[in-house]
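One structure below.
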Amino acid sequence: MATVAANSATVAHAAEHDHHEPQSFWRTYIFSEDHKTIAKQYLISGIIWSVIGISLSVMFRLQLGFPNMKLDFLRPILGNWINETGKLDPDFYLALVTMHGTIMVFFVLTAGLSGTFSNFLIPLQVGARDMASGFLNMLSYWFFFLASMIMLGSLFIETGPAAGGWVIYPPLSALPQAHKGSELGMTLWLISMALFIVSQLLGGINYITTVINLRTRGMSFSKLPLTIWAFFLTAVLGLISFPVLLSAALLLIFDRSFGTSFYLSEIYIKGEALPNVGGSPILFQHLFWFLGHPEVYIVLLPALGMTSEIIATNSRKPIFGYRAMIASMMGIAFLAFIVWAHHMFVTGMNPFLGSIFMFLTLIIAVPSAVKAFNYITTLWRGNIRFTPAMLFSIGLVSFFISGGLTGIILGNSALDIQLHDTYFVVAHFHLVMGAASAFGLLAGVYHWFPKMFGRMMNEKLGYVHFWLTFIGIYLVFFPMHYIGISGFPRRYYAFTSYDFTKNIFADMNSFISLAAIFTFTAQWIFVWNFVYSMFKGRKAPQNPWKSNTLEWTAPINPGHGNWPGEIPAVYRWAYDYSKPGAKDDFIPQNVPYSQTPESNLPHENELIGLEKEIEAQNLNDQFKQPH
Amino acid sequence: MVYIIAILSVIFLGLAVMVISRMASVVQSASGPVDEDRIGMSNRLNAGLMVVFFVVGLIAAIWSFLHARQFFLPEAASPHGRHTDFLFWLSMSIITIAFIVTNALLFFFAWRYQYRPGHKASYYPENHKLELIWTVIPAVVMALLVFTGWRAWRDIMAEAPENAQVFELVGKQFNWIARYPGVDNNKLGAFNYKLIDSNNETGIDYTDESSFDDFVSTSELHIPVNKPILLKIRARDVLHSVFIPHLRVKMDAVPGMPTRFQFTADKTTDEMKNITGNPNFTYEIACTEVCGQGHFSMRIRLIVEDEASWQAWCKEQKPLLTSTPELASRIPANLKAKAAKYLSAPETAAPADTTTASIVKNGETVASASVR
């Protein structure tokens with residue numbers, strides 16, 4: 001968009017940025033290149049996907065919690081996947097589990113979280129007019145949309161969607177004769193994921209470029225809000241690891257369709273010995289988890305970054321250990337690449353490798369612990385305002401701790417022997433990665449809703465939503481650990497075949513299912529609040545949370561280019577809350593030290609001299625550069 | 001169990017109802033564009049709920065834990081299993097302490113430092129000493145856990161001793177097939193997936209004479225107690241995973257890549273019936289790697305018995321060759337004589353067998369290469 005307008009009227013353009021010709025409906029709302037619109041597109045897609053993804057989990061929770069229940073009432077939605085006796089089809093049970101995982105991990109917590117907030121906040125918080133490339137950004141969303149449509153379509157085909165678990169381990173996923181879900185459903189899954197990866201890469205390149213190149217005057221890396229650090233590192237993680245998943249998926253496509261043997265060897269199935277020899281299913285697992293593990297942090301880091309910002313703002317305190325937070329995020333990002341094989345301790349991988357990966361995995365607990373302690377210390381002696389965003393952030397910290405701690409057990413290869421692929425694992429990752437990231441997403445929506453839509457969400461409903469969800473999630477996943485410790489394997493359609501699972505925990509499973517339904521129901525409060533507030537919410541003030549970061553200096557409804565006139569320059573870090581001597585309890589990043597002599601620390605007085613220098617820079621305004 | 005759940009539900013429902021009713025009244029009173037009102041009643045309520053949540057949650061957690069504990073880590077019947085159980089509870093104690101302390105601080109601080117009018121937060125951006133302390137403490141604790149865990153892992157995954165009794169477990173959709181090394185030579189014969197058919201489900205290769213006395217079972221695996229067992233694991237079609245919960249054994253079955261797990265079972269099935277107080281107790285083998293529709297029901301029973309009754313049981317079994325004489329056509333001409341005893345008159349070939357076992361030594365390397 002910028003290029004189009006600029007070519008026609010470069011001079012006028014440079015003089016006034018806020019006077020653009022009105023664009024057609026299609027260019028404004030659908031094929032928009034504006035990062036704010038794209039962020040909202042991601043957000044709304046993410047919310048729709050999360051409703052679908054969680055509904056699927058409720059369906060299989062019904063099967064697990066109430067194995068004798070007649071599910072005929074689901075027939076209008078599921079059709080013949082409910083058999084004549086009113087039971088859920090075992091094949092479709094696996095499809096539900098698989099699609100729940102795929103949708104929640106990729107479409108909700110990767111696209112919905114990173115896609116929304118990286119897009120929305122990076123330009124606004126670093127002080128840029130827009131993303132480095134609005135066109136690629138638009139392309140990123142529409143690739144995601146295409147991937148979404150294909151994945152959604154696969155739910156409705158006759159043989160059902162992919163059903164080999166979200167990890168789609170071959171040979172199960174490679175052999176159409178092995179399972180219904182490995183027929184057309186798997187093909188669509190692979191196509192959809194390939195497009196999804198393209199979308200992530202386009203987005204990731206944009207995020208990285210924007211953070212590096214388009215920071216406003218004075219916004220050095222050491223002054224970046226932690227949100228931006230988190231988005232930046234997330235994008236780097238994604239950029240390095242997603243291509244590996246793409247290659248894994250491509251090789252699987254080759255094995256499925258072109259008779260290659262990358263993952264297949266010595267297979268006899270359905271009365272036939274296949275000719276494939278020399279491949280290795282373990283190779284796929286290595287490739288998959290080389291993305292799969294960083295993916296955990298791709299999902300979690302943005303949530304942690306936003307939480308840092310929200311907790312500091314609402315505690316009215318600087319985030320404790322800003323540099324330690326950056327260092328631990330970098331540590332986590334680095335270690336994320338060298339721990340993948342802890343998902344594979346008992347796959348027959350060389351046990352020596354297992355030892356190495358156990359060692360590396362447990363190291364990652366250290367930066368994680370530092371982050372948790374820093375959050376807690378930020379609350380200490382604060383002056384806390386419990387906005388809904390703050391509540392969700394505190395909830396996130398609690399989930400991050402509770403779920404993270406059990407990782408210490410699972411990362412220990414000797415203990416993993418018994419617990420691998422049991423409900424203990426399910427409980428662990430749902431708390432630390434699922435619930436924690438979802439809370440990050442919700443916290444982000446509550447916190448930045450005023451900036452997105454110019455209106456406030458209803459806070460009281462936010463409180464109710466928080467408490468019901470927080471309690472609900474603990475009720476679902478805390479007892480799930482017990483089931484796992486007792487050895488219940490995951491992805492089981494029923495627990496009736498074994499003596500060791502037959503007569504125990506049936507009531508616990510019902511309880512978990514009820515808690516899941518309860519939690520899901522509570523989410524409608526949010527959906528209603530979100531939609532209602534978008535149109536009817538109370539008008540937002542410019543800086544409702546009295547926050548320091550740059551997005552709150554933009555107009556309430558920022559137009560194209562975000563700031564009318566000059567982009568503000570940045571003089572200080574984002575965390576000058578409750579600074580001794582200052583008259584307010586916050587000093588935004590664009591307030592120079594020369595205006596706050598009463599609160600400056602000694603070394604900050606020395607920085608006053610640099611202000612002229614900062615103001616003289618004006619390299620990063622996209623609208624002012626010669627085109 | 002039912003009682004805890006009922007009580008838990010009541011507590012949390014009550015809590016939920018309380019929140020909703022309090023909120024509902026607040027919602028009615030606050031509809032105007034208020035800014036400072038926001039930080040009042042509801043802030044105190046939320047702060048208070050933080051502590052309430054922690055206390056009630058902790059009580060519920062401890063309570064449910066105590067009631068569910070009877071089912072945790074079902075009685076271990078292997079030495080390595082008892083060792084990892086000890087390590088599990090060691091780690092669990094450490095993380096429980098961390099869990100309670102950090103969550104307590106989180107919720108307590110949230111309540112204690114709630115907004116107070118006219119109060120100002122402390123400007124406290126960093127403290128290097130503090131940060132160093134809480135970097136070093138987790139690092140030391142982790143080092144301890146890694147070291148103990150690594151030693152246990154190394155021992156479990158060590159090479160099986162020479163005298164280990166070998167068995168083979170083959171996973172397929174959707175059952176396990178146990179193959180025994182035989183009634184005479186105690187050696188597993190070679191296999192080849194291309195030889196699999198309905199008569200020969202594990203693809204036993206009858207050009208290897210160690211195969212002649214091998215026998216298979218799809219219903220149970222009998223193993224001797226107190227003797228090192230080497231379980232050789234493979235899969236025919238897709239990934240499976242051998243899981244023996246009471247023995248703390250888990251290892252994937254991978255097509256094209258045989259895996260193994262060595263362990264010792266030190267309690268017989270009968271002993272376990274006494275220990276668990278369950279007269280119907282039986283060891284079970286399950287699948288823990290999703291393998292398709294029947295993944296949840298790939299059960300095979302495991303029977304642990306003393307050496308003598310195990311030997312006796314083995315002697316009673318018929319080699320696959322005996323029960324399926326059609327397979328004789330696959331035996332090469334030069335070995336037909338050696339296989340004869342399994343085909344027609346078993347007793348006549350008995351003396352010949354001992355000589356075969358020693359003569360074959362050379363030829364056997366070829367066969368075992370394909371087994372491993």
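So you can find residues: chains in the structure tokens are A, B, ... in the order shown, residues in each start at 1, and ligands are numbered from 1 in order.
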Considering only C-alpha atoms, tabulate each residue of chain B that lies at most 6 Å from chain A along with its nearest interatomic pair and the corresponding distance in Å to one decimal; arrange the rows by chain and ascending residue number and present them as JSON lines.
{"residue": "B:Asn43", "atom": "CA", "partner": "A:Phe386", "partner_atom": "CA", "distance": 5.6}
{"residue": "B:Phe71", "atom": "CA", "partner": "A:Ser486", "partner_atom": "CA", "distance": 5.6}
{"residue": "B:Phe72", "atom": "CA", "partner": "A:Ser486", "partner_atom": "CA", "distance": 4.4}
{"residue": "B:Leu73", "atom": "CA", "partner": "A:Ser486", "partner_atom": "CA", "distance": 5.0}
{"residue": "B:Thr84", "atom": "CA", "partner": "A:Leu415", "partner_atom": "CA", "distance": 5.9}
{"residue": "B:Ile95", "atom": "CA", "partner": "A:Leu405", "partner_atom": "CA", "distance": 5.9}
{"residue": "B:Leu106", "atom": "CA", "partner": "A:Ile376", "partner_atom": "CA", "distance": 5.5}
{"residue": "B:Phe109", "atom": "CA", "partner": "A:Trp380", "partner_atom": "CA", "distance": 5.7}
{"residue": "B:Tyr113", "atom": "CA", "partner": "A:Gly382", "partner_atom": "CA", "distance": 5.5}
{"residue": "B:Gln114", "atom": "CA", "partner": "A:Ile384", "partner_atom": "CA", "distance": 4.4}
{"residue": "B:Tyr115", "atom": "CA", "partner": "A:Asn383", "partner_atom": "CA", "distance": 4.5}
{"residue": "B:Ala121", "atom": "CA", "partner": "A:Gly382", "partner_atom": "CA", "distance": 4.4}
{"residue": "B:Ser122", "atom": "CA", "partner": "A:Arg381", "partner_atom": "CA", "distance": 5.9}
{"residue": "B:Tyr123", "atom": "CA", "partner": "A:Lys579", "partner_atom": "CA", "distance": 5.6}
{"residue": "B:Pro125", "atom": "CA", "partner": "A:Phe320", "partner_atom": "CA", "distance": 4.8}
{"residue": "B:Glu126", "atom": "CA", "partner": "A:Gly321", "partner_atom": "CA", "distance": 4.8}
{"residue": "B:Pro138", "atom": "CA", "partner": "A:Val366", "partner_atom": "CA", "distance": 5.8}
{"residue": "B:Ala139", "atom": "CA", "partner": "A:Val366", "partner_atom": "CA", "distance": 5.9}
{"residue": "B:Gly149", "atom": "CA", "partner": "A:Ala414", "partner_atom": "CA", "distance": 5.7}
{"residue": "B:Trp153", "atom": "CA", "partner": "A:Ala414", "partner_atom": "CA", "distance": 4.8}
{"residue": "B:Tyr193", "atom": "CA", "partner": "A:Glu266", "partner_atom": "CA", "distance": 5.9}
{"residue": "B:Lys194", "atom": "CA", "partner": "A:Ala273", "partner_atom": "CA", "distance": 5.7}
{"residue": "B:Arg236", "atom": "CA", "partner": "A:Tyr268", "partner_atom": "CA", "distance": 5.5}
{"residue": "B:Asp237", "atom": "CA", "partner": "A:Ile267", "partner_atom": "CA", "distance": 5.0}
{"residue": "B:Val238", "atom": "CA", "partner": "A:Pro171", "partner_atom": "CA", "distance": 5.1}
{"residue": "B:Arg248", "atom": "CA", "partner": "A:Gln418", "partner_atom": "CA", "distance": 5.4}
{"residue": "B:Lys250", "atom": "CA", "partner": "A:Ile417", "partner_atom": "CA", "distance": 5.6}
{"residue": "B:Met251", "atom": "CA", "partner": "A:Val346", "partner_atom": "CA", "distance": 5.0}
{"residue": "B:Asp252", "atom": "CA", "partner": "A:Thr347", "partner_atom": "CA", "distance": 4.8}
{"residue": "B:Gly256", "atom": "CA", "partner": "A:Ser265", "partner_atom": "CA", "distance": 4.9}
{"residue": "B:Thr259", "atom": "CA", "partner": "A:Gly348", "partner_atom": "CA", "distance": 5.5}
{"residue": "B:Thr288", "atom": "CA", "partner": "A:Pro489", "partner_atom": "CA", "distance": 5.9}
{"residue": "B:Gly292", "atom": "CA", "partner": "A:His179", "partner_atom": "CA", "distance": 5.8}
{"residue": "B:Gln293", "atom": "CA", "partner": "A:Asp91", "partner_atom": "CA", "distance": 5.3}
{"residue": "B:Phe296", "atom": "CA", "partner": "A:Tyr492", "partner_atom": "CA", "distance": 4.8}
{"residue": "B:Ser297", "atom": "CA", "partner": "A:Ser497", "partner_atom": "CA", "distance": 5.3}
Check the DSSP output for the backbone and give back, as a ChimeraX atom specification, the residues of region 109-334 of chain B in helix (DSSP H, G or I).
/B:109-112,128-156,193-195,209-211,245-247,269-276,295-297,307-316,320-323,325-330,333-334
In region 387-610 of chain A, what's strand (DSSP E or B) per DSSP? Answer as a list in words?
Thr422, Arg455, Pro489, Lys539, Tyr577 and Phe586 of chain A
Pick out the residues sitting within 12 Å of Arg179 (chain B), and hand them over as a ChimeraX atom specification; count only C-alpha atoms, and ignore anything fewer than 6 positions along from it in its own chain.
/B:166-171,186-191,200-204,211,213-223,231-234,314,317,319-320
Neighbour list for Thr216 (chain A) as JSON, numbers by chain, cut-off 9 Å, only C-alpha atoms, skip fewer than 3 positions in-chain:
{"A": [126, 127, 128, 213, 219, 220, 567, 568, 569, 570, 617, 618, 619, 620, 621]}
